[in-house]
$ cat model.txt   # compact mmCIF, C-alpha atoms
# COMPACT_ATOMS: atom_id res chain seq x y z
CA MET A 1 -19.48 11.15 -1.12
CA GLY A 2 -17.52 8.59 -3.07
CA ILE A 3 -18.34 4.89 -3.34
CA GLN A 4 -16.83 2.21 -1.10
CA VAL A 5 -16.35 -0.85 -3.30
CA VAL A 6 -15.48 -4.26 -1.85
CA ARG A 7 -14.30 -7.49 -3.39
CA PHE A 8 -15.26 -10.47 -1.27
CA GLU A 9 -15.65 -14.23 -1.07
CA LYS A 10 -18.77 -16.03 0.07
CA ASP A 11 -19.59 -19.69 -0.46
CA LYS A 12 -16.33 -20.08 -2.40
CA LYS A 13 -17.42 -17.45 -4.93
CA GLU A 14 -15.74 -14.10 -5.50
CA ARG A 15 -18.09 -11.14 -5.91
CA TRP A 16 -18.03 -7.35 -5.91
CA GLY A 17 -20.29 -5.02 -4.00
CA VAL A 18 -20.92 -1.56 -2.61
CA LEU A 19 -20.48 -1.10 1.12
CA SER A 20 -23.17 0.69 3.10
CA GLY A 21 -22.61 0.60 6.84
CA GLU A 22 -22.40 -3.06 7.85
CA ASN A 23 -24.07 -4.35 4.69
CA ILE A 24 -22.90 -5.04 1.15
CA SER A 25 -25.12 -4.39 -1.88
CA VAL A 26 -23.99 -7.14 -4.24
CA LEU A 27 -23.22 -6.34 -7.87
CA GLN A 28 -24.86 -8.70 -10.33
CA GLY A 29 -22.07 -8.57 -12.87
CA THR A 30 -19.08 -10.92 -12.79
CA TYR A 31 -15.77 -9.06 -12.85
CA ASN A 32 -12.58 -11.10 -13.00
CA SER A 33 -10.23 -8.31 -12.02
CA LEU A 34 -10.16 -4.74 -10.80
CA ALA A 35 -9.49 -3.61 -14.36
CA ASP A 36 -12.60 -5.51 -15.48
CA PHE A 37 -14.66 -3.90 -12.71
CA LEU A 38 -13.47 -0.40 -13.57
CA GLU A 39 -14.36 -0.94 -17.22
CA LYS A 40 -17.69 -2.76 -16.84
CA GLY A 41 -18.86 -2.64 -13.23
CA LYS A 42 -18.35 0.93 -12.12
CA GLU A 43 -21.64 2.04 -13.68
CA GLU A 44 -23.52 -0.68 -11.79
CA ALA A 45 -21.86 0.44 -8.55
CA VAL A 46 -22.97 4.03 -9.19
CA LYS A 47 -26.57 2.90 -9.73
CA ILE A 48 -26.54 0.99 -6.45
CA LYS A 49 -25.14 4.03 -4.69
CA GLU A 50 -28.09 5.95 -6.11
CA GLN A 51 -30.46 3.62 -4.23
CA VAL A 52 -31.17 1.11 -6.98
CA LYS A 53 -32.33 -2.09 -5.28
CA ALA A 54 -29.80 -4.92 -5.04
CA GLU A 55 -29.18 -8.13 -3.11
CA SER A 56 -27.82 -7.28 0.33
CA ILE A 57 -25.66 -9.37 2.64
CA SER A 58 -24.04 -8.64 5.98
CA LEU A 59 -20.38 -7.68 6.06
CA ASN A 60 -19.70 -10.28 8.75
CA GLU A 61 -20.88 -13.08 6.44
CA VAL A 62 -18.07 -12.63 3.93
CA THR A 63 -14.28 -12.67 3.64
CA LEU A 64 -12.97 -9.41 2.25
CA LEU A 65 -10.29 -9.71 -0.43
CA SER A 66 -7.84 -7.18 -1.78
CA PRO A 67 -9.71 -4.82 -4.13
CA VAL A 68 -6.50 -4.60 -6.20
CA THR A 69 -6.10 -7.79 -8.19
CA LYS A 70 -3.54 -9.60 -10.28
CA PRO A 71 -2.32 -8.81 -12.86
CA ALA A 72 -1.33 -5.31 -11.76
CA ARG A 73 1.69 -3.10 -11.76
CA ILE A 74 2.54 -2.02 -8.21
CA ILE A 75 4.71 1.07 -8.52
CA CYS A 76 6.07 2.55 -5.29
CA GLN A 77 7.64 5.81 -4.21
CA GLY A 78 10.51 5.53 -1.75
CA VAL A 79 11.46 7.90 1.09
CA ASN A 80 8.77 10.39 0.04
CA TYR A 81 8.22 11.95 3.50
CA ALA A 82 10.84 14.06 5.27
CA THR A 83 10.28 12.22 8.56
CA HIS A 84 11.00 8.85 6.94
CA ARG A 85 14.04 10.21 5.14
CA SER A 86 15.44 11.35 8.48
CA GLU A 87 15.11 7.94 10.12
CA THR A 88 16.86 6.28 7.16
CA GLY A 89 19.85 8.58 7.57
CA MET A 90 19.01 10.88 4.64
CA GLU A 91 18.55 14.64 4.50
CA GLU A 92 14.96 15.65 5.19
CA ALA A 93 14.81 18.04 2.23
CA ARG A 94 13.06 17.01 -0.97
CA PRO A 95 15.63 15.11 -3.06
CA PRO A 96 16.47 15.98 -6.68
CA PHE A 97 14.70 12.87 -7.96
CA ASN A 98 11.67 10.72 -7.20
CA MET A 99 12.78 7.27 -5.98
CA ILE A 100 10.72 4.62 -7.79
CA PHE A 101 10.63 0.86 -7.23
CA SER A 102 8.05 -1.92 -7.51
CA LYS A 103 6.48 -4.82 -5.66
CA ALA A 104 5.37 -8.11 -7.21
CA ASP A 105 1.59 -8.40 -7.50
CA SER A 106 1.84 -11.86 -5.90
CA SER A 107 2.45 -9.97 -2.62
CA LEU A 108 -1.16 -8.72 -2.61
CA CYS A 109 -3.42 -9.88 0.21
CA GLY A 110 -6.57 -8.72 1.97
CA ALA A 111 -7.05 -6.15 4.70
CA TYR A 112 -7.55 -8.86 7.34
CA SER A 113 -5.18 -11.52 5.97
CA GLU A 114 -2.24 -12.85 7.94
CA ILE A 115 1.18 -11.46 7.08
CA ILE A 116 3.51 -14.43 6.78
CA ARG A 117 7.05 -13.83 8.03
CA PRO A 118 9.66 -15.94 6.22
CA LEU A 119 11.52 -17.98 8.83
CA ASN A 120 14.90 -16.42 8.08
CA VAL A 121 13.64 -12.81 8.08
CA LYS A 122 14.38 -11.12 11.39
CA LEU A 123 13.81 -7.47 10.41
CA LEU A 124 10.16 -7.43 9.37
CA ASP A 125 8.90 -3.87 9.04
CA TYR A 126 5.64 -2.04 8.33
CA GLU A 127 4.98 0.98 6.09
CA LEU A 128 1.52 2.54 5.96
CA GLU A 129 0.96 4.22 2.59
CA LEU A 130 -1.76 5.84 0.53
CA GLY A 131 -2.47 3.85 -2.63
CA LEU A 132 -3.73 5.45 -5.86
CA VAL A 133 -5.62 3.20 -8.27
CA ILE A 134 -5.14 4.05 -11.93
CA GLY A 135 -8.42 4.56 -13.78
CA THR A 136 -7.39 4.93 -17.42
CA ASP A 137 -4.71 3.75 -19.83
CA ILE A 138 -1.57 5.86 -19.89
CA THR A 139 0.45 4.89 -22.97
CA GLU A 140 2.30 8.10 -23.73
CA GLN A 141 3.75 11.07 -21.93
CA VAL A 142 0.99 13.17 -20.33
CA GLU A 143 0.91 16.29 -18.22
CA VAL A 144 -1.05 15.47 -15.06
CA THR A 145 -2.16 18.36 -12.86
CA ASP A 146 -4.39 18.68 -9.82
CA GLU A 147 -7.08 19.97 -12.20
CA ASN A 148 -7.09 16.88 -14.46
CA LEU A 149 -6.00 14.27 -11.89
CA HIS A 150 -9.53 12.84 -11.82
CA HIS A 151 -9.02 11.60 -15.40
CA TYR A 152 -6.22 9.31 -14.24
CA ILE A 153 -7.05 8.26 -10.66
CA ALA A 154 -10.12 6.09 -10.11
CA GLY A 155 -9.84 5.77 -6.35
CA LEU A 156 -7.86 5.29 -3.17
CA VAL A 157 -6.85 2.34 -0.98
CA ILE A 158 -4.90 1.67 2.20
CA VAL A 159 -1.61 -0.15 1.52
CA ASN A 160 0.91 -1.61 3.96
CA ASP A 161 4.27 -1.92 2.19
CA VAL A 162 5.61 -4.73 4.39
CA SER A 163 9.39 -5.02 4.07
CA ALA A 164 12.11 -7.52 4.96
CA ARG A 165 14.90 -5.05 5.80
CA ASP A 166 17.52 -7.79 6.15
CA VAL A 167 16.90 -8.65 2.49
CA GLN A 168 16.23 -5.17 1.11
CA LEU A 169 19.25 -3.35 2.56
CA PRO A 170 22.32 -5.63 2.66
CA GLN A 171 21.42 -7.15 -0.71
CA GLY A 172 20.30 -3.85 -2.23
CA GLN A 173 17.20 -5.68 -3.48
CA TRP A 174 14.10 -3.58 -2.87
CA LEU A 175 11.87 -5.62 -5.18
CA LYS A 176 12.86 -8.89 -3.51
CA GLY A 177 12.79 -7.55 0.05
CA LYS A 178 9.29 -6.13 -0.41
CA SER A 179 7.67 -8.83 -2.54
CA PHE A 180 7.28 -11.92 -0.38
CA ARG A 181 3.75 -13.29 -0.52
CA THR A 182 1.36 -11.39 1.82
CA PHE A 183 3.72 -8.38 1.96
CA CYS A 184 1.11 -6.06 0.42
CA PRO A 185 -2.17 -5.92 2.39
CA VAL A 186 -4.65 -3.68 0.54
CA GLY A 187 -8.10 -2.46 1.50
CA PRO A 188 -10.52 -3.14 3.12
CA TYR A 189 -12.15 -1.41 0.17
CA LEU A 190 -11.55 0.78 -2.84
CA TYR A 191 -12.85 4.30 -2.40
CA LEU A 192 -14.06 5.55 -5.79
CA LEU A 193 -13.56 9.29 -5.77
CA GLU A 194 -15.99 11.99 -6.80
CA LYS A 195 -14.35 14.70 -8.91
CA ASP A 196 -14.84 17.34 -6.23
CA GLU A 197 -13.07 15.14 -3.66
CA LEU A 198 -9.72 15.10 -5.49
CA PRO A 199 -8.29 18.05 -3.50
CA LEU A 200 -8.71 15.98 -0.33
CA ILE A 201 -5.93 13.67 -1.54
CA HIS A 202 -3.64 16.38 -0.16
CA ASP A 203 -5.18 16.28 3.32
CA LEU A 204 -5.46 12.66 4.37
CA GLN A 205 -4.40 11.54 7.83
CA LEU A 206 -2.48 8.25 7.97
CA ASN A 207 -2.20 6.34 11.28
CA LEU A 208 -0.68 2.93 12.05
CA TRP A 209 -0.65 1.02 15.33
CA VAL A 210 1.28 -2.09 16.35
CA ASN A 211 -0.46 -3.90 19.21
CA ASP A 212 -2.45 -0.68 19.85
CA GLU A 213 0.71 1.45 20.13
CA LEU A 214 0.60 4.36 17.68
CA ARG A 215 3.76 4.06 15.58
CA GLN A 216 3.06 6.17 12.47
CA SER A 217 1.06 9.37 12.10
CA CYS A 218 1.44 11.70 9.13
CA ASN A 219 -0.60 13.66 6.60
CA SER A 220 -0.53 13.32 2.82
CA SER A 221 0.09 17.07 2.61
CA GLN A 222 3.67 16.16 3.63
CA LEU A 223 4.36 14.11 0.49
CA LEU A 224 7.54 15.44 -1.12
CA TYR A 225 6.57 14.33 -4.63
CA LYS A 226 2.82 14.79 -5.10
CA PRO A 227 0.51 12.45 -7.07
CA ALA A 228 0.12 14.67 -10.15
CA GLU A 229 3.82 15.26 -10.70
CA THR A 230 4.60 11.61 -9.99
CA LEU A 231 2.12 10.40 -12.62
CA THR A 232 3.53 12.91 -15.09
CA GLU A 233 7.01 11.53 -14.48
CA LEU A 234 5.93 7.89 -14.65
CA SER A 235 4.15 8.52 -17.96
CA GLU A 236 7.54 9.46 -19.43
CA VAL A 237 8.91 6.06 -18.44
CA MET A 238 6.22 3.38 -18.62
CA ASP A 239 2.67 2.45 -19.52
CA LEU A 240 0.04 2.27 -16.81
CA SER A 241 -3.34 0.55 -17.01
CA PRO A 242 -6.65 0.63 -15.14
CA GLY A 243 -6.29 -1.28 -11.89
CA ASP A 244 -2.58 -0.58 -11.49
CA LEU A 245 -1.50 0.68 -8.07
CA ILE A 246 0.71 3.65 -7.23
CA VAL A 247 1.98 3.49 -3.63
CA THR A 248 2.96 6.97 -2.54
CA GLY A 249 5.45 6.46 0.31
CA THR A 250 5.45 6.12 4.08
CA GLY A 251 5.89 8.61 6.90
CA GLY A 252 8.20 8.40 9.88
CA GLY A 253 7.79 5.87 12.66
CA VAL A 254 8.80 2.62 10.97
CA ALA A 255 11.06 0.16 12.81
CA LEU A 256 13.99 0.95 10.52
CA ASN A 257 16.42 3.51 11.91
CA LEU A 258 19.78 3.77 10.19
CA SER A 259 22.83 5.46 11.70
CA THR A 260 25.64 7.05 9.70
CA GLU A 261 27.84 4.11 10.74
CA VAL A 262 25.46 1.48 9.37
CA ASN A 263 24.81 3.40 6.16
CA ALA A 264 28.55 3.64 5.54
CA LEU A 265 28.93 -0.08 6.16
CA LEU A 266 26.12 -1.00 3.76
CA SER A 267 27.65 1.09 0.97
CA ASN A 268 31.18 -0.26 1.47
CA LEU A 269 31.80 -2.77 -1.30
CA SER A 270 34.91 -4.15 0.40
CA VAL A 271 33.01 -5.40 3.47
CA PRO A 272 31.87 -9.04 3.16
CA PHE A 273 28.11 -9.54 2.82
CA GLN A 274 27.69 -11.66 5.95
CA GLN A 275 29.47 -9.04 8.06
CA LYS A 276 27.09 -6.37 6.75
CA LEU A 277 24.07 -8.54 7.45
CA ASP A 278 25.13 -9.49 10.96
CA LEU A 279 25.86 -5.90 12.00
CA LEU A 280 22.64 -4.60 10.44
CA VAL A 281 20.52 -7.17 12.28
CA GLU A 282 22.36 -6.60 15.57
CA LYS A 283 22.01 -2.81 15.46
CA GLN A 284 18.43 -2.78 14.21
CA LEU A 285 17.08 -5.22 16.79
CA GLU A 286 18.30 -2.90 19.54
CA GLY A 287 15.41 -0.56 18.73
CA GLY A 288 12.81 -3.19 19.63
CA LYS A 289 10.26 -2.03 17.03
CA TYR A 290 10.46 -4.75 14.39
CA LEU A 291 7.46 -7.02 13.97
CA ASN A 292 7.28 -10.29 15.85
CA ASP A 293 5.08 -13.32 15.35
CA GLY A 294 1.68 -12.61 16.90
CA ASP A 295 1.88 -8.84 16.49
CA THR A 296 -1.18 -7.05 15.10
CA ILE A 297 -0.88 -4.07 12.75
CA ARG A 298 -3.82 -1.69 12.40
CA CYS A 299 -3.98 1.00 9.72
CA GLN A 300 -6.36 3.88 9.02
CA ILE A 301 -6.50 6.62 6.39
CA LYS A 302 -9.14 9.35 6.36
CA SER A 303 -9.48 13.01 5.44
CA THR A 304 -9.26 15.44 8.31
CA ASN A 305 -12.79 16.69 7.53
CA GLY A 306 -14.15 13.12 7.68
CA LYS A 307 -15.52 13.14 4.13
CA ILE A 308 -13.14 10.43 2.87
CA ASP A 309 -12.64 7.33 5.00
CA LEU A 310 -10.66 4.39 3.60
CA GLY A 311 -11.64 2.11 6.46
CA GLU A 312 -9.43 0.13 8.82
CA GLN A 313 -6.96 -2.60 7.97
CA THR A 314 -5.93 -5.18 10.59
CA ASN A 315 -3.32 -7.86 9.95
CA LYS A 316 -1.62 -10.36 12.25
CA VAL A 317 1.96 -11.52 11.77
CA VAL A 318 2.55 -15.28 11.68
CA LYS A 319 5.67 -17.25 10.87
CA SER A 320 5.95 -19.30 7.72
CA LEU A 321 5.65 -23.05 8.01
CA ASN A 322 8.34 -23.38 5.36
CA LEU A 323 11.87 -22.07 5.10
CA VAL A 324 11.76 -19.33 2.47
CA ARG A 325 15.13 -18.70 0.88
CA SER A 326 15.83 -14.98 1.35
CA LYS A 327 19.60 -15.01 0.83
$ encode --input "model.txt" --output "structure tokens"
Amino acid sequence: MGIQVVRFEKDKKERWGVLSGENISVLQGTYNSLADFLEKGKEEAVKIKEQVKAESISLNEVTLLSPVTKPARIICQGVNYATHRSETGMEEARPPFNMIFSKADSSLCGAYSEIIRPLNVKLLDYELELGLVIGTDITEQVEVTDENLHHYIAGLVIVNDVSARDVQLPQGQWLKGKSFRTFCPVGPYLYLLEKDELPLIHDLQLNLWVNDELRQSCNSSQLLYKPAETLTELSEVMDLSPGDLIVTGTGGGVALNLSTEVNALLSNLSVPFQQKLDLLVEKQLEGGKYLNDGDTIRCQIKSTNGKIDLGEQTNKVVKSLNLVRSK
């Protein structure tokens, strides 16, 4: 079994620990970031997992924080499941290229944090995704395979790629529409993988509920572009560092559902922006699935054989107290 690592706050101090049931075995080292933990604290976590004595505190005495920390690259794969491609008006077949975008690391928040809806965002959407945490520096082109993937991936996390569709789509700004603060809940913990568990990355069940209604249910076996080939491609383009996050895409069942008519409108450069925005909002709200203030989103990812369990993430939507300029 892998190691469930948590980053938490207690008595205004941030610490790291290893989760065991409802208790946390506290690491003695001070690690200022996930990269720092992976470099210096992983060995201590392994020793604790091997029953080395450590200070123990109850899980309900702490506030869990995102195990992914700033600074970090958050690199995302878009429309990487056939079911999600279909609901966005695209062909279900694997496309000729891997769609890559990013989120700002200031969007990171914890697994039980509130998701803050900007006051002028009406189309707030959810996207449950499997997150891969980079475990080593990648500074040149490499050939990543399922056999050597363990050299590059340290562990797994639950990620909710929260999205403001009325910013992302009419403006064509994915980074902006997906990067408002609190738009990237991560955790509750980082699952450090054992080498023999790597094949299970291809058989993880992802489920998301809104107010206890199951909205998303898919399996990582359905990813169109797999982790190994995606890392190989990214290594041709950019550097990656320990603690960076690769977000692998979401399955079907999001609130977004684009018709051929709306897609044509969004791509028509002669149509005024406000007309595009108004029609998009009008058509999308008809579906009744977008997030409202007070809604609760619950996410789970686990292997079908039960060996890997990334825990459960629960976030409540609240409205911002300030007008956030999204136009």
$ residues_around --input "model.txt" --residues "segment 144-154 of chain A" --least-positions-apart "5" --cutoff "8 Å" --atoms "all atoms listed in the file" --output "count of residues only"
14
$ closest_residue --input "model.txt" --among "A:Leu38, A:Leu223, A:Leu124, A:Ile48" --to "Val167 of chain A" --atoms "all atoms listed in the file"
A:Leu124
$ atom_distance --input "model.txt" --atom1 "atom CA of Pro185 of chain A" --atom2 "atom CA of Gly17 of chain A"
19.2 Å
$ atom_distance --input "model.txt" --atom1 "atom CA of Ile115 of chain A" --atom2 "atom CA of Asp161 of chain A"
11.2 Å
$ closest_atom_pairs --input "model.txt" --of "segment 2-45 of chain A" --to "segment 90-114 of chain A" --cutoff "12 Å" --atoms "only C-alpha atoms" --output "Markdown table"
| residue | atom | partner | partner_atom | distance |
| --- | --- | --- | --- | --- |
| A:Val6 | CA | A:Gly110 | CA | 10.7 |
| A:Arg7 | CA | A:Gly110 | CA | 9.5 |
| A:Phe8 | CA | A:Gly110 | CA | 9.4 |
| A:Glu9 | CA | A:Gly110 | CA | 11.0 |
$ residues_around --input "model.txt" --residues "Ile301 of chain A" --least-positions-apart "2" --cutoff "10 Å" --atoms "all atoms listed in the file" --output "ChimeraX atom specification"
/A:128-130,156-159,204-208,217-220,299,303-304,308-313
$ atom_distance --input "model.txt" --atom1 "atom CA of Gly187 of chain A" --atom2 "atom CA of Pro67 of chain A"
6.3 Å
$ residues_around --input "model.txt" --residues "Ser20 of chain A" --least-positions-apart "5" --cutoff "10 Å" --atoms "all atoms listed in the file" --output "PyMOL selection string"
chain A and resi 3-5+25+49+56+58-59
$ residues_around --input "model.txt" --residues "Ser259 of chain A" --least-positions-apart "6" --cutoff "12 Å" --atoms "all atoms listed in the file" --output "list in words"
Arg85, Ser86, Glu87, Thr88, Gly89, Met90, Leu265, Leu266, Leu279, Leu280, Lys283, Gln284 and Gly287 of chain A
$ closest_residue --input "model.txt" --among "A:Trp174, A:Asp293, A:Val281, A:Gln51" --to "Leu258 of chain A" --atoms "only C-alpha atoms"
A:Val281
$ closest_residue --input "model.txt" --among "A:Arg165, A:Lys176, A:Arg181, A:Arg15" --to "Asp125 of chain A" --atoms "all atoms listed in the file"
A:Arg165
$ axis_aligned_box --input "model.txt" --around "segment 205-220 of chain A" --padding-each-side "8 Å" --output "JSON"
{"center_x": -0.3, "center_y": 4.9, "center_z": 11.5, "size_x": 24.2, "size_y": 33.6, "size_z": 33.3}
$ residues_around --input "model.txt" --residues "Leu321 of chain A" --least-positions-apart "2" --cutoff "9 Å" --atoms "all atoms listed in the file" --output "number ranges by chain"
A: 116, 118-119, 319, 323
$ closest_residue --input "model.txt" --among "A:Asn60, A:Glu282, A:Leu224, A:Ile297" --to "Val79 of chain A" --atoms "only C-alpha atoms"
A:Leu224
$ closest_residue --input "model.txt" --among "A:Thr314, A:Ala35, A:Gln222, A:Tyr81" --to "Asn160 of chain A" --atoms "all atoms listed in the file"
A:Thr314
$ closest_residue --input "model.txt" --among "A:Asn80, A:Gln168, A:Thr139, A:Gln275" --to "Gly252 of chain A" --atoms "only C-alpha atoms"
A:Asn80
